[in-house]
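Novice: Below is one structure. I have some questions about it.
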Amino acid sequence: MAAQTNWAGELWRGFKAHFWLKMFCAWLLALGFFPCYFLLLKAPLWPVTWMPVTAPDRWIGFWPGALWLYVSLWVYVPLAPGLLTERRELADYYRAMVALSLSGLAVFLLWPTASPRPVIDWMQHPPFGPVIAADDVGNALPSLHAAFAVFTAIWLDRLLRRVGAPLWPRIANVCWGLGILYSTIATRQHVAVDIAAGSALGWLAAVLHARWLRSRRPAFGKPANSEQRETG
C-alpha cells in the first residue's frame, strides 16, 4: 500500500515546494504575455488571413457547456510547474514556456490570422461568457490554447511516470488535455487547422525542451526508483 500511495505524496511534496516562487513566476509570465497578445490582436501589422472551415469543424457541434473545459486551461497549465520540486527544474520549465509563448507571438506578428466565428451572444452564457466575449477574432493560428494544453499534457505525463503514478491519473491527464482541445472548437473559438498547428507547436516545444534537458542531465525523465537502483 505504501508503494501505491507514495506517488501521491511525491506530487504533494512538489506542490508545496517553492509555492510562492511558482505563483510569482506564473503571474510574471501572464503579465508579459497578455499585453503582447492583445496588442497583436487589436493592431495587426499586416492584412489578416482568414482560416478555412474544414470537416472537423462541421462534425463538432456548438456546445456552450464546453466553456468550462475551455477556461480550465488556466488551472491545467500551472499544474506541471506547480508539481516540480527543484528551483533549477522550475527555471528550465519557465524558459520553455517563454520560448513557446514567443514563438506563437512571432507567428501572430508576421502572419496575422483569424478564424470565422458564428454570431453568439456570449453574455447569455455566464459565468464565463462575458470573458469569452472580450476576446476578439484574431491570433488564430497556431492556437496557443492548444499549444499550452499539449505542452502541459506531455509534461504532466512525464512527471506522473517519474513518481511512479498508476495508469488512471495518466489517462485522466490525457482526457483533460484532449477535452481542452475539443472545447476550443465546440465553443467556436478556433477552427481545426488552428488546433492542429497549435498542437504541433506544443508537441515540438515539449520534445525540443526534453532533448535539451537530457543533454544537460542524462537522468532526466527516468522514474525516481530507477535512479535509486542505478545509484544503489
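By convention in this document, the chains of the C-alpha cells carry letters A, B, ... by their order, each chain's residues are numbered from 1, and ligands are numbered from 1 in the order they are shown.
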Determine which residues of segment 47-201 of chain A DSSP labels as strand (DSSP E) from the backbone of this structure, then write them out as number ranges by chain.
Specialist: A: 49-50, 113-114
Novice: Compile a residue-level contact table for segment 188-217 of chain A against segment 41-56 of chain A at a cut-off of 10 Å, reporting for every qualifying residue the shortest atom pair and its distance in Å to one decimal, with only C-alpha atoms counted, rows ordered by chain and ascending number, as JSON lines.
Specialist:
{"residue": "A:His190", "atom": "CA", "partner": "A:Met51", "partner_atom": "CA", "distance": 9.1}
{"residue": "A:Val191", "atom": "CA", "partner": "A:Val53", "partner_atom": "CA", "distance": 6.3}
{"residue": "A:Ala192", "atom": "CA", "partner": "A:Pro56", "partner_atom": "CA", "distance": 6.3}
{"residue": "A:Val193", "atom": "CA", "partner": "A:Met51", "partner_atom": "CA", "distance": 7.4}
{"residue": "A:Asp194", "atom": "CA", "partner": "A:Met51", "partner_atom": "CA", "distance": 7.8}
Novice: Report as a VMD selection string all protein, DNA and RNA residues lying within 10 Å of segment 124-133 of chain A, evaluated on only C-alpha atoms, omitting residues in the same chain fewer than 4 positions from it.
Specialist: chain A and resid 64 to 65 67 to 68 70 to 71 120 137 187 189
Novice: Which of segment 92-225 of chain A counts as alpha helix (DSSP H) under DSSP, as a compact mmCIF listing (two decimals) with N, CA, C and O atoms, in the first residue's frame please?
Specialist:
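Everything below was put into part-v2.txt:
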# COMPACT_ATOMS: atom_id res chain seq x y z
N ASP A 92 14.08 25.99 -15.74
CA ASP A 92 14.13 25.41 -17.08
C ASP A 92 12.74 25.31 -17.69
O ASP A 92 12.55 25.56 -18.89
N TYR A 93 11.77 24.97 -16.88
CA TYR A 93 10.40 24.82 -17.38
C TYR A 93 9.86 26.18 -17.85
O TYR A 93 9.27 26.28 -18.94
N TYR A 94 10.06 27.19 -17.05
CA TYR A 94 9.53 28.50 -17.43
C TYR A 94 10.27 29.09 -18.63
O TYR A 94 9.69 29.85 -19.40
N ARG A 95 11.54 28.73 -18.80
CA ARG A 95 12.23 29.14 -20.03
C ARG A 95 11.53 28.56 -21.25
O ARG A 95 11.38 29.24 -22.27
N ALA A 96 11.14 27.29 -21.14
CA ALA A 96 10.44 26.65 -22.26
C ALA A 96 9.08 27.31 -22.50
O ALA A 96 8.67 27.50 -23.66
N MET A 97 8.38 27.68 -21.43
CA MET A 97 7.09 28.34 -21.58
C MET A 97 7.24 29.70 -22.25
O MET A 97 6.43 30.08 -23.10
N VAL A 98 8.28 30.42 -21.89
CA VAL A 98 8.54 31.72 -22.52
C VAL A 98 8.86 31.52 -24.00
O VAL A 98 8.37 32.26 -24.86
N ALA A 99 9.70 30.52 -24.32
CA ALA A 99 10.04 30.26 -25.71
C ALA A 99 8.81 29.87 -26.52
O ALA A 99 8.64 30.32 -27.67
N LEU A 100 7.93 29.07 -25.94
CA LEU A 100 6.70 28.68 -26.61
C LEU A 100 5.82 29.91 -26.86
O LEU A 100 5.26 30.09 -27.95
N SER A 101 5.69 30.75 -25.86
CA SER A 101 4.87 31.96 -26.00
C SER A 101 5.42 32.88 -27.07
O SER A 101 4.68 33.39 -27.92
N LEU A 102 6.73 33.10 -27.05
CA LEU A 102 7.35 33.99 -28.04
C LEU A 102 7.23 33.44 -29.45
O LEU A 102 7.05 34.20 -30.40
N SER A 103 7.29 32.11 -29.59
CA SER A 103 7.14 31.50 -30.92
C SER A 103 5.75 31.79 -31.48
O SER A 103 5.59 32.17 -32.64
N GLY A 104 4.73 31.59 -30.64
CA GLY A 104 3.37 31.87 -31.08
C GLY A 104 3.16 33.34 -31.39
O GLY A 104 2.56 33.69 -32.41
N LEU A 105 3.66 34.21 -30.53
CA LEU A 105 3.51 35.65 -30.75
C LEU A 105 4.23 36.10 -32.01
O LEU A 105 3.77 37.00 -32.72
N ALA A 106 5.37 35.47 -32.31
CA ALA A 106 6.11 35.81 -33.53
C ALA A 106 5.29 35.48 -34.77
O ALA A 106 5.28 36.25 -35.75
N VAL A 107 4.60 34.34 -34.74
CA VAL A 107 3.73 33.99 -35.87
C VAL A 107 2.59 35.00 -35.99
O VAL A 107 2.25 35.45 -37.10
N PHE A 108 1.98 35.37 -34.87
CA PHE A 108 0.90 36.36 -34.91
C PHE A 108 1.39 37.69 -35.48
O PHE A 108 0.65 38.39 -36.17
N LEU A 109 2.64 38.05 -35.16
CA LEU A 109 3.20 39.31 -35.64
C LEU A 109 3.43 39.26 -37.14
O LEU A 109 3.07 40.20 -37.87
N LEU A 110 4.04 38.19 -37.63
CA LEU A 110 4.45 38.10 -39.03
C LEU A 110 3.32 37.65 -39.95
O LEU A 110 3.32 37.98 -41.14
N GLY A 129 -19.07 33.41 -20.20
CA GLY A 129 -19.40 34.02 -21.48
C GLY A 129 -18.88 35.43 -21.64
O GLY A 129 -18.30 35.76 -22.69
N PRO A 130 -19.05 36.32 -20.65
CA PRO A 130 -18.52 37.68 -20.79
C PRO A 130 -17.01 37.72 -20.99
O PRO A 130 -16.49 38.60 -21.70
N VAL A 131 -16.29 36.78 -20.41
CA VAL A 131 -14.84 36.72 -20.61
C VAL A 131 -14.52 36.35 -22.05
O VAL A 131 -13.64 36.95 -22.69
N ILE A 132 -15.24 35.36 -22.60
CA ILE A 132 -15.03 34.94 -23.98
C ILE A 132 -15.41 36.07 -24.93
O ILE A 132 -14.77 36.28 -25.96
N ALA A 133 -16.47 36.80 -24.61
CA ALA A 133 -16.92 37.88 -25.47
C ALA A 133 -15.88 38.98 -25.61
O ALA A 133 -15.84 39.70 -26.62
N LEU A 144 -2.70 29.03 -29.39
CA LEU A 144 -1.86 28.87 -28.20
C LEU A 144 -2.62 28.16 -27.09
O LEU A 144 -2.01 27.57 -26.20
N HIS A 145 -3.95 28.19 -27.16
CA HIS A 145 -4.74 27.39 -26.22
C HIS A 145 -4.37 25.92 -26.40
O HIS A 145 -4.14 25.20 -25.42
N ALA A 146 -4.31 25.48 -27.66
CA ALA A 146 -3.95 24.10 -27.94
C ALA A 146 -2.48 23.84 -27.63
O ALA A 146 -2.12 22.78 -27.09
N ALA A 147 -1.60 24.79 -27.97
CA ALA A 147 -0.17 24.60 -27.76
C ALA A 147 0.14 24.42 -26.28
O ALA A 147 0.88 23.50 -25.89
N PHE A 148 -0.42 25.27 -25.42
CA PHE A 148 -0.18 25.15 -23.98
C PHE A 148 -0.77 23.85 -23.43
O PHE A 148 -0.19 23.22 -22.53
N ALA A 149 -1.94 23.44 -23.95
CA ALA A 149 -2.57 22.22 -23.47
C ALA A 149 -1.72 21.00 -23.80
O ALA A 149 -1.51 20.12 -22.95
N VAL A 150 -1.21 20.92 -25.02
CA VAL A 150 -0.40 19.77 -25.43
C VAL A 150 0.93 19.76 -24.69
O VAL A 150 1.38 18.71 -24.20
N PHE A 151 1.57 20.92 -24.59
CA PHE A 151 2.83 21.02 -23.86
C PHE A 151 2.66 20.56 -22.41
O PHE A 151 3.47 19.79 -21.88
N THR A 152 1.57 21.00 -21.78
CA THR A 152 1.30 20.63 -20.39
C THR A 152 1.00 19.15 -20.26
O THR A 152 1.48 18.48 -19.32
N ALA A 153 0.20 18.60 -21.19
CA ALA A 153 -0.16 17.18 -21.12
C ALA A 153 1.08 16.30 -21.19
O ALA A 153 1.20 15.32 -20.44
N ILE A 154 2.01 16.64 -22.08
CA ILE A 154 3.24 15.85 -22.22
C ILE A 154 4.07 15.93 -20.95
O ILE A 154 4.59 14.93 -20.45
N TRP A 155 4.18 17.13 -20.39
CA TRP A 155 5.00 17.29 -19.19
C TRP A 155 4.36 16.65 -17.96
O TRP A 155 5.06 16.07 -17.12
N LEU A 156 3.05 16.75 -17.85
CA LEU A 156 2.40 16.10 -16.72
C LEU A 156 2.56 14.58 -16.79
O LEU A 156 2.77 13.92 -15.77
N ASP A 157 2.49 14.03 -18.00
CA ASP A 157 2.69 12.59 -18.13
C ASP A 157 4.10 12.20 -17.70
O ASP A 157 4.29 11.18 -17.04
N ARG A 158 5.09 13.00 -18.07
CA ARG A 158 6.47 12.72 -17.65
C ARG A 158 6.59 12.76 -16.13
O ARG A 158 7.25 11.91 -15.52
N LEU A 159 5.98 13.76 -15.52
CA LEU A 159 6.07 13.88 -14.06
C LEU A 159 5.36 12.72 -13.38
O LEU A 159 5.84 12.18 -12.37
N LEU A 160 4.20 12.32 -13.91
CA LEU A 160 3.47 11.20 -13.32
C LEU A 160 4.25 9.90 -13.45
O LEU A 160 4.29 9.09 -12.52
N ARG A 161 4.90 9.70 -14.60
CA ARG A 161 5.72 8.50 -14.76
C ARG A 161 6.93 8.54 -13.84
O ARG A 161 7.35 7.52 -13.30
N ARG A 162 7.47 9.73 -13.65
CA ARG A 162 8.67 9.85 -12.82
C ARG A 162 8.41 9.49 -11.37
O ARG A 162 9.28 8.92 -10.70
N LEU A 167 -1.82 4.03 -13.81
CA LEU A 167 -2.31 4.40 -15.14
C LEU A 167 -3.45 5.40 -15.10
O LEU A 167 -3.53 6.28 -15.97
N TRP A 168 -4.31 5.33 -14.09
CA TRP A 168 -5.52 6.15 -14.14
C TRP A 168 -5.26 7.67 -14.12
O TRP A 168 -5.94 8.40 -14.85
N PRO A 169 -4.31 8.20 -13.32
CA PRO A 169 -4.08 9.65 -13.42
C PRO A 169 -3.46 10.06 -14.74
O PRO A 169 -3.69 11.17 -15.22
N ARG A 170 -2.70 9.16 -15.37
CA ARG A 170 -2.14 9.46 -16.68
C ARG A 170 -3.24 9.52 -17.73
O ARG A 170 -3.22 10.38 -18.62
N ILE A 171 -4.21 8.61 -17.63
CA ILE A 171 -5.35 8.64 -18.55
C ILE A 171 -6.19 9.89 -18.32
O ILE A 171 -6.63 10.55 -19.27
N ALA A 172 -6.40 10.24 -17.05
CA ALA A 172 -7.16 11.46 -16.73
C ALA A 172 -6.47 12.69 -17.30
O ALA A 172 -7.13 13.61 -17.80
N ASN A 173 -5.14 12.73 -17.23
CA ASN A 173 -4.37 13.84 -17.78
C ASN A 173 -4.60 13.97 -19.29
O ASN A 173 -4.87 15.06 -19.81
N VAL A 174 -4.52 12.84 -20.00
CA VAL A 174 -4.73 12.87 -21.46
C VAL A 174 -6.15 13.31 -21.79
O VAL A 174 -6.37 14.12 -22.70
N CYS A 175 -7.12 12.80 -21.04
CA CYS A 175 -8.52 13.16 -21.29
C CYS A 175 -8.76 14.65 -21.06
O CYS A 175 -9.50 15.30 -21.82
N TRP A 176 -8.15 15.20 -20.02
CA TRP A 176 -8.30 16.63 -19.75
C TRP A 176 -7.69 17.45 -20.90
O TRP A 176 -8.33 18.39 -21.41
N GLY A 177 -6.49 17.08 -21.32
CA GLY A 177 -5.86 17.81 -22.42
C GLY A 177 -6.68 17.72 -23.69
O GLY A 177 -6.88 18.74 -24.39
N LEU A 178 -7.17 16.53 -24.04
CA LEU A 178 -8.00 16.38 -25.24
C LEU A 178 -9.31 17.14 -25.10
O LEU A 178 -9.82 17.70 -26.08
N GLY A 179 -9.85 17.17 -23.88
CA GLY A 179 -11.08 17.92 -23.65
C GLY A 179 -10.89 19.41 -23.92
O GLY A 179 -11.78 20.06 -24.48
N ILE A 180 -9.75 19.94 -23.55
CA ILE A 180 -9.46 21.36 -23.82
C ILE A 180 -9.37 21.60 -25.32
O ILE A 180 -9.90 22.59 -25.84
N LEU A 181 -8.71 20.69 -26.04
CA LEU A 181 -8.63 20.84 -27.50
C LEU A 181 -10.03 20.81 -28.11
O LEU A 181 -10.36 21.63 -28.99
N TYR A 182 -10.85 19.87 -27.67
CA TYR A 182 -12.23 19.78 -28.16
C TYR A 182 -12.99 21.07 -27.89
O TYR A 182 -13.74 21.57 -28.74
N SER A 183 -12.81 21.62 -26.69
CA SER A 183 -13.59 22.79 -26.29
C SER A 183 -13.30 24.01 -27.15
O SER A 183 -14.16 24.86 -27.32
N THR A 184 -12.09 24.10 -27.68
CA THR A 184 -11.75 25.27 -28.50
C THR A 184 -12.58 25.31 -29.78
O THR A 184 -12.87 26.39 -30.32
N ILE A 185 -12.95 24.12 -30.27
CA ILE A 185 -13.82 24.06 -31.46
C ILE A 185 -15.29 24.10 -31.06
O ILE A 185 -16.10 24.79 -31.68
N ALA A 186 -15.64 23.40 -29.98
CA ALA A 186 -17.04 23.34 -29.54
C ALA A 186 -17.56 24.71 -29.11
O ALA A 186 -18.76 24.97 -29.20
N ALA A 192 -10.35 23.85 -36.83
CA ALA A 192 -9.49 22.68 -36.69
C ALA A 192 -8.05 22.94 -37.12
O ALA A 192 -7.11 22.42 -36.51
N VAL A 193 -7.85 23.74 -38.16
CA VAL A 193 -6.47 23.98 -38.61
C VAL A 193 -5.69 24.75 -37.55
O VAL A 193 -4.47 24.54 -37.39
N ASP A 194 -6.36 25.63 -36.81
CA ASP A 194 -5.69 26.33 -35.70
C ASP A 194 -5.25 25.34 -34.63
O ASP A 194 -4.13 25.44 -34.10
N ILE A 195 -6.14 24.39 -34.32
CA ILE A 195 -5.85 23.42 -33.28
C ILE A 195 -4.70 22.50 -33.71
O ILE A 195 -3.82 22.17 -32.91
N ALA A 196 -4.71 22.10 -34.99
CA ALA A 196 -3.64 21.23 -35.48
C ALA A 196 -2.29 21.93 -35.40
O ALA A 196 -1.29 21.34 -34.94
N ALA A 197 -2.25 23.19 -35.80
CA ALA A 197 -0.99 23.94 -35.76
C ALA A 197 -0.54 24.18 -34.33
O ALA A 197 0.65 24.05 -34.00
N GLY A 198 -1.48 24.53 -33.46
CA GLY A 198 -1.12 24.75 -32.06
C GLY A 198 -0.65 23.49 -31.37
O GLY A 198 0.31 23.52 -30.59
N SER A 199 -1.31 22.37 -31.67
CA SER A 199 -0.91 21.08 -31.08
C SER A 199 0.50 20.71 -31.53
O SER A 199 1.31 20.22 -30.74
N ALA A 200 0.78 20.93 -32.82
CA ALA A 200 2.12 20.64 -33.34
C ALA A 200 3.17 21.51 -32.66
O ALA A 200 4.27 21.04 -32.33
N LEU A 201 2.84 22.78 -32.45
CA LEU A 201 3.78 23.68 -31.79
C LEU A 201 4.04 23.24 -30.35
O LEU A 201 5.19 23.22 -29.89
N GLY A 202 2.98 22.87 -29.63
CA GLY A 202 3.15 22.41 -28.24
C GLY A 202 3.96 21.13 -28.17
O GLY A 202 4.81 20.99 -27.29
N TRP A 203 3.69 20.20 -29.09
CA TRP A 203 4.44 18.94 -29.11
C TRP A 203 5.91 19.19 -29.42
O TRP A 203 6.80 18.63 -28.77
N LEU A 204 6.18 20.03 -30.42
CA LEU A 204 7.56 20.33 -30.80
C LEU A 204 8.31 20.99 -29.65
O LEU A 204 9.47 20.65 -29.37
N ALA A 205 7.67 21.93 -28.98
CA ALA A 205 8.31 22.61 -27.85
C ALA A 205 8.64 21.61 -26.74
O ALA A 205 9.73 21.67 -26.15
N ALA A 206 7.73 20.69 -26.45
CA ALA A 206 7.98 19.70 -25.40
C ALA A 206 9.12 18.76 -25.78
O ALA A 206 9.97 18.42 -24.94
N VAL A 207 9.16 18.33 -27.05
CA VAL A 207 10.20 17.41 -27.49
C VAL A 207 11.57 18.09 -27.47
O VAL A 207 12.56 17.53 -26.96
N LEU A 208 11.66 19.30 -28.01
CA LEU A 208 12.95 20.01 -28.04
C LEU A 208 13.42 20.34 -26.62
O LEU A 208 14.62 20.25 -26.32
N HIS A 209 12.49 20.70 -25.76
CA HIS A 209 12.87 21.01 -24.39
C HIS A 209 13.40 19.77 -23.68
O HIS A 209 14.40 19.83 -22.95
N ALA A 210 12.74 18.63 -23.89
CA ALA A 210 13.20 17.39 -23.28
C ALA A 210 14.58 17.00 -23.77
O ALA A 210 15.44 16.55 -22.99
N ARG A 211 14.83 17.16 -25.06
CA ARG A 211 16.15 16.84 -25.61
C ARG A 211 17.22 17.74 -25.02
O ARG A 211 18.33 17.29 -24.70
N TRP A 212 16.89 19.01 -24.87
CA TRP A 212 17.85 19.95 -24.29
C TRP A 212 18.15 19.58 -22.84
O TRP A 212 19.32 19.58 -22.42
N LEU A 213 17.12 19.24 -22.08
CA LEU A 213 17.33 18.85 -20.69
C LEU A 213 18.12 17.55 -20.59
O LEU A 213 18.97 17.39 -19.72
N ARG A 214 17.85 16.61 -21.50
CA ARG A 214 18.56 15.33 -21.48
C ARG A 214 20.04 15.52 -21.79
O ARG A 214 20.88 14.79 -21.28
N SER A 215 20.35 16.50 -22.63
CA SER A 215 21.76 16.76 -22.94
C SER A 215 22.50 17.32 -21.74
O SER A 215 23.72 17.15 -21.61
N ARG A 216 21.78 17.98 -20.85
CA ARG A 216 22.39 18.55 -19.64
C ARG A 216 22.38 17.57 -18.48
O ARG A 216 23.29 17.54 -17.67
N ALA A 224 11.94 7.82 -10.53
CA ALA A 224 12.80 8.01 -9.35
C ALA A 224 13.35 6.69 -8.84
O ALA A 224 14.49 6.61 -8.42
N ASN A 225 12.54 5.62 -8.88
CA ASN A 225 13.03 4.34 -8.35
C ASN A 225 14.13 3.75 -9.21
O ASN A 225 15.02 3.07 -8.72
Novice: Just to confirm, what's the straight-line distance from atom CA of Arg188 of chain A to atom CA of Leu28 of chain A in Å (one decimal)?
Specialist: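 So the answer is 29.1 Å.
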